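> Below is the file data32.pdb, which contains PDB, C-alpha atoms and all ligand atoms.
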MODEL        1
ATOM      1  CA  MET A 365      36.394  93.564  61.446
ATOM      2  CA  ARG A 366      37.881  90.467  60.022
ATOM      3  CA  ARG A 367      40.281  90.337  62.913
ATOM      4  CA  THR A 368      37.480  90.411  65.510
ATOM      5  CA  VAL A 369      35.709  87.477  63.909
ATOM      6  CA  HIS A 370      38.946  85.585  63.875
ATOM      7  CA  MET A 371      39.505  86.384  67.538
ATOM      8  CA  LYS A 372      36.045  85.220  68.498
ATOM      9  CA  ARG A 373      36.592  81.954  66.768
ATOM     10  CA  THR A 374      39.956  81.457  68.387
ATOM     11  CA  THR A 375      38.658  82.254  71.850
ATOM     12  CA  GLU A 376      36.392  79.268  71.716
ATOM     13  CA  LYS A 377      39.156  77.181  70.276
ATOM     14  CA  GLU A 378      41.551  78.524  72.866
ATOM     15  CA  ALA A 379      39.202  77.589  75.651
ATOM     16  CA  GLU A 380      38.996  74.108  74.244
ATOM     17  CA  ALA A 381      42.754  73.989  73.808
ATOM     18  CA  LYS A 382      43.233  75.119  77.382
ATOM     19  CA  LYS A 383      40.942  72.379  78.610
ATOM     20  CA  VAL A 384      42.917  69.839  76.616
ATOM     21  CA  GLU A 385      46.186  71.306  77.870
ATOM     22  CA  LEU A 386      44.973  71.135  81.440
ATOM     23  CA  LEU A 387      43.916  67.556  81.000
ATOM     24  CA  GLU A 388      47.260  66.743  79.388
ATOM     25  CA  ASN A 389      49.089  68.337  82.283
ATOM     26  CA  VAL A 390      47.071  66.324  84.743
ATOM     27  CA  LEU A 391      47.826  63.161  82.807
ATOM     28  CA  LYS A 392      51.501  64.128  82.545
ATOM     29  CA  GLY A 393      51.607  64.716  86.267
ATOM     30  CA  GLN A 394      49.987  61.364  86.862
ATOM     31  CA  ALA A 395      52.420  59.731  84.463
ATOM     32  CA  MET A 396      55.305  61.381  86.285
ATOM     33  CA  GLU A 397      53.952  60.197  89.616
ATOM     34  CA  ASN A 398      53.559  56.682  88.289
ATOM     35  CA  TYR A 399      57.066  56.848  86.863
ATOM     36  CA  ILE A 400      58.550  58.010  90.158
ATOM     37  CA  GLU A 401      56.646  55.306  92.003
ATOM     38  CA  HIS A 402      57.917  52.768  89.492
ATOM     39  CA  ARG A 403      61.485  53.999  89.877
ATOM     40  CA  THR A 404      61.172  53.937  93.647
ATOM     41  CA  SER A 405      60.059  50.329  93.537
ATOM     42  CA  GLU A 406      63.143  49.586  91.417
ATOM     43  CA  MET A 407      65.328  51.492  93.809
ATOM     44  CA  ARG A 408      67.517  49.494  96.108
ATOM     45  CA  HIS A 409      69.273  50.762  99.158
ATOM     46  CA  CYS A 410      72.365  48.953 100.351
ATOM     47  CA  ALA A 411      71.914  48.119 104.024
ATOM     48  CA  LEU A 412      75.657  48.228 104.632
ATOM     49  CA  CYS A 413      77.168  51.146 102.725
ATOM     50  CA  ASP A 414      73.991  53.200 102.229
ATOM     51  CA  SER A 415      74.537  53.452  98.486
ATOM     52  CA  ILE A 416      71.431  53.696  96.378
ATOM     53  CA  GLY A 417      71.151  51.668  93.245
ATOM     54  CA  TYR A 418      68.531  51.072  90.641
ATOM     55  CA  LYS A 419      68.285  47.883  88.647
ATOM     56  CA  ARG A 420      71.685  48.489  87.083
ATOM     57  CA  ARG A 421      73.655  48.288  90.332
ATOM     58  CA  PRO A 422      73.811  44.633  91.245
ATOM     59  CA  MET A 423      72.405  43.904  94.656
ATOM     60  CA  LYS A 424      71.372  40.771  96.462
ATOM     61  CA  GLN A 425      68.773  40.443  99.119
ATOM     62  CA  VAL A 426      69.461  38.931 102.517
ATOM     63  CA  GLY A 427      66.291  38.707 104.549
ATOM     64  CA  GLN A 428      64.602  42.068 104.197
ATOM     65  CA  LYS A 429      67.775  43.961 103.301
ATOM     66  CA  TRP A 430      69.614  44.554 100.071
ATOM     67  CA  VAL A 431      73.381  44.476  99.899
ATOM     68  CA  CYS A 432      75.378  45.814  96.944
ATOM     69  CA  ILE A 433      78.068  43.968  95.034
ATOM     70  CA  ASN A 434      80.856  46.094  96.544
ATOM     71  CA  CYS A 435      79.835  45.097 100.042
ATOM     72  CA  TRP A 436      79.494  41.456  99.002
ATOM     73  CA  ARG A 437      83.079  41.601  97.700
ATOM     74  CA  GLN A 438      84.233  42.941 101.050
ATOM     75  CA  ILE A 439      82.257  40.233 102.844
ATOM     76  CA  ARG A 440      83.822  37.569 100.636
ATOM     77  CA  GLU A 441      87.279  38.965 101.275
ATOM     78  CA  THR A 442      86.599  38.908 104.999
ATOM     79  CA  ILE A 443      85.341  35.327 104.857
ATOM     80  CA  ASP A 444      88.331  34.295 102.753
ATOM     81  CA  THR A 445      90.727  35.791 105.279
ATOM     82  CA  LEU A 446      88.655  34.850 108.341
ATOM     83  CA  ASP A 447      91.076  32.141 109.499
ATOM     84  CA  ARG A 448      93.999  34.534 109.396
ATOM     85  CA  TRP A 449      91.923  37.194 111.123
ATOM     86  CA  GLU A 450      90.966  34.775 113.899
ATOM     87  CA  GLU A 451      94.602  33.806 114.295
ATOM     88  CA  GLU A 452      95.527  37.473 114.601
ATOM     89  CA  ILE A 453      92.827  37.980 117.244
ATOM     90  CA  ALA A 454      93.956  34.911 119.162
ATOM     91  CA  LEU A 455      97.560  36.090 118.998
ATOM     92  CA  LYS A 456      96.598  39.533 120.235
ATOM     93  CA  GLU A 457      94.616  38.020 123.113
ATOM     94  CA  GLU A 458      97.527  35.769 123.958
ATOM     95  CA  MET A 459      99.883  38.759 123.973
ATOM     96  CA  GLU A 460      97.503  40.774 126.137
ATOM     97  CA  ARG A 461      97.226  37.880 128.570
ATOM     98  CA  THR A 462     100.989  37.580 128.695
ATOM     99  CA  ILE A 463     101.421  41.328 129.264
ATOM    100  CA  LYS A 464      98.764  41.308 132.008
ATOM    101  CA  LYS A 465     100.381  38.298 133.619
ATOM    102  CA  GLY A 466     103.738  40.052 133.448
ATOM    103  CA  LEU A 467     102.299  43.208 135.008
ATOM    104  CA  GLY A 468     100.532  41.125 137.643
ATOM    105  CA  LEU A 469     103.764  39.374 138.524
ATOM    106  CA  GLN A 470     105.557  42.700 138.678
ATOM    107  CA  GLY A 471     102.867  44.059 140.982
ATOM    108  CA  GLN A 472     103.181  41.005 143.171
ATOM    109  CA  ALA A 473     106.920  41.302 143.152
ATOM    110  CA  ARG A 474     106.645  44.909 144.267
ATOM    111  CA  LYS A 475     104.230  43.978 147.017
ATOM    112  CA  ASP A 476     106.576  41.368 148.293
TER
HETATM  113 ZN    ZN A 501      76.941  48.350  99.786
ENDMDL
END
As a first step, turn the structure in this file into structure tokens.
Ligand SMILES: [Zn+2]

Amino acid sequence: MRRTVHMKRTTEKEAEAKKVELLENVLKGQAMENYIEHRTSEMRHCALCDSIGYKRRPMKQVGQKWVCINCWRQIRETIDTLDRWEEEIALKEEMERTIKKGLGLQGQARKD
């Protein structure tokens, strides 16, 4: 008998508890959604190497794009060695021109 009374009382309480639980779950879900949205807004995506970084990965914006520190280092290295690179390109072009000229002369020589 005593048990039944207890059960009746708890049923009402349980219903109330379930309502609270449901509400809490809804709020938790909302909080989670807000959190994810917040994280997404913090999320950066490197336009060059595709790496994803949150606030902790240093990134700098250029125009609409974000570029990570690793890529900036590579860019700096490239800029620092740009003169040498251009020299190498010029040398290669010069060699190609020379080779083509040589081949052209050979072709002409054969024709003659
Ligand atoms: Zn990058």
> Restricting the calculation to all atoms listed in the file: of A:Cys413, A:Ile439, A:Ala454, A:Ile463, which residue gets closest to ligand ZN 501 (chain A)?
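For ligand ZN 501 (chain A), the nearest of the candidates is A:Cys413.
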> Ranking A:Met407, A:Met423, A:Met459, A:Leu412 by minimum distance to ligand ZN 501 (chain A) and counting all atoms listed in the file, which one comes first?
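Nearest to ligand ZN 501 (chain A): A:Leu412.
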> Give me, as CSV, the closest atom pair and its distance (Å, one decimal) for every residue of chain A within a cut-off of 7 Å of ligand ZN 501 (chain A), counting all atoms listed in the file, rows sorted by chain and rising number.

residue,atom,partner,partner_atom,distance
A:Cys410,CA,A:ZN501,ZN,4.7
A:Ala411,CA,A:ZN501,ZN,6.6
A:Leu412,CA,A:ZN501,ZN,5.0
A:Cys413,CA,A:ZN501,ZN,4.1
A:Asp414,CA,A:ZN501,ZN,6.2
A:Ser415,CA,A:ZN501,ZN,5.8
A:Val431,CA,A:ZN501,ZN,5.3
A:Cys432,CA,A:ZN501,ZN,4.1
A:Ile433,CA,A:ZN501,ZN,6.6
A:Asn434,CA,A:ZN501,ZN,5.6
A:Cys435,CA,A:ZN501,ZN,4.4
> Provide the atom CA of Glu401 of chain A to atom CA of Glu385 of chain A distance in Å, to one decimal place.
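Between atom CA of Glu401 of chain A and atom CA of Glu385 of chain A the gap works out to 23.8 Å.
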> Just give me the gap between atom CA of Arg420 of chain A and atom CA of Trp436 of chain A in Å, one decimal is fine.
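Computing it gives 15.9 Å between the two atoms.
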> With the file shown as input, list the residues that the PyMOL selection byres (((chain A and resi 417) around 6) and not hetatm) selects, as number ranges by chain.
A: 407-408, 416, 418, 421
> Please, what distance in Å, to one decimal, runs between atom CA of His409 of chain A and atom CA of Ile443 of chain A?
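Computed distance, atom CA of His409 of chain A to atom CA of Ile443 of chain A, equals 23.0 Å.
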> Set up a box along x, y and z of the file covering all listed atoms of segment 462-467 of chain A, add 6 Å on every one of the six sides, and write the centre and edge lengths in Å to one decimal, as JSON.

{"center_x": 101.3, "center_y": 40.4, "center_z": 131.9, "size_x": 17.0, "size_y": 17.6, "size_z": 18.3}
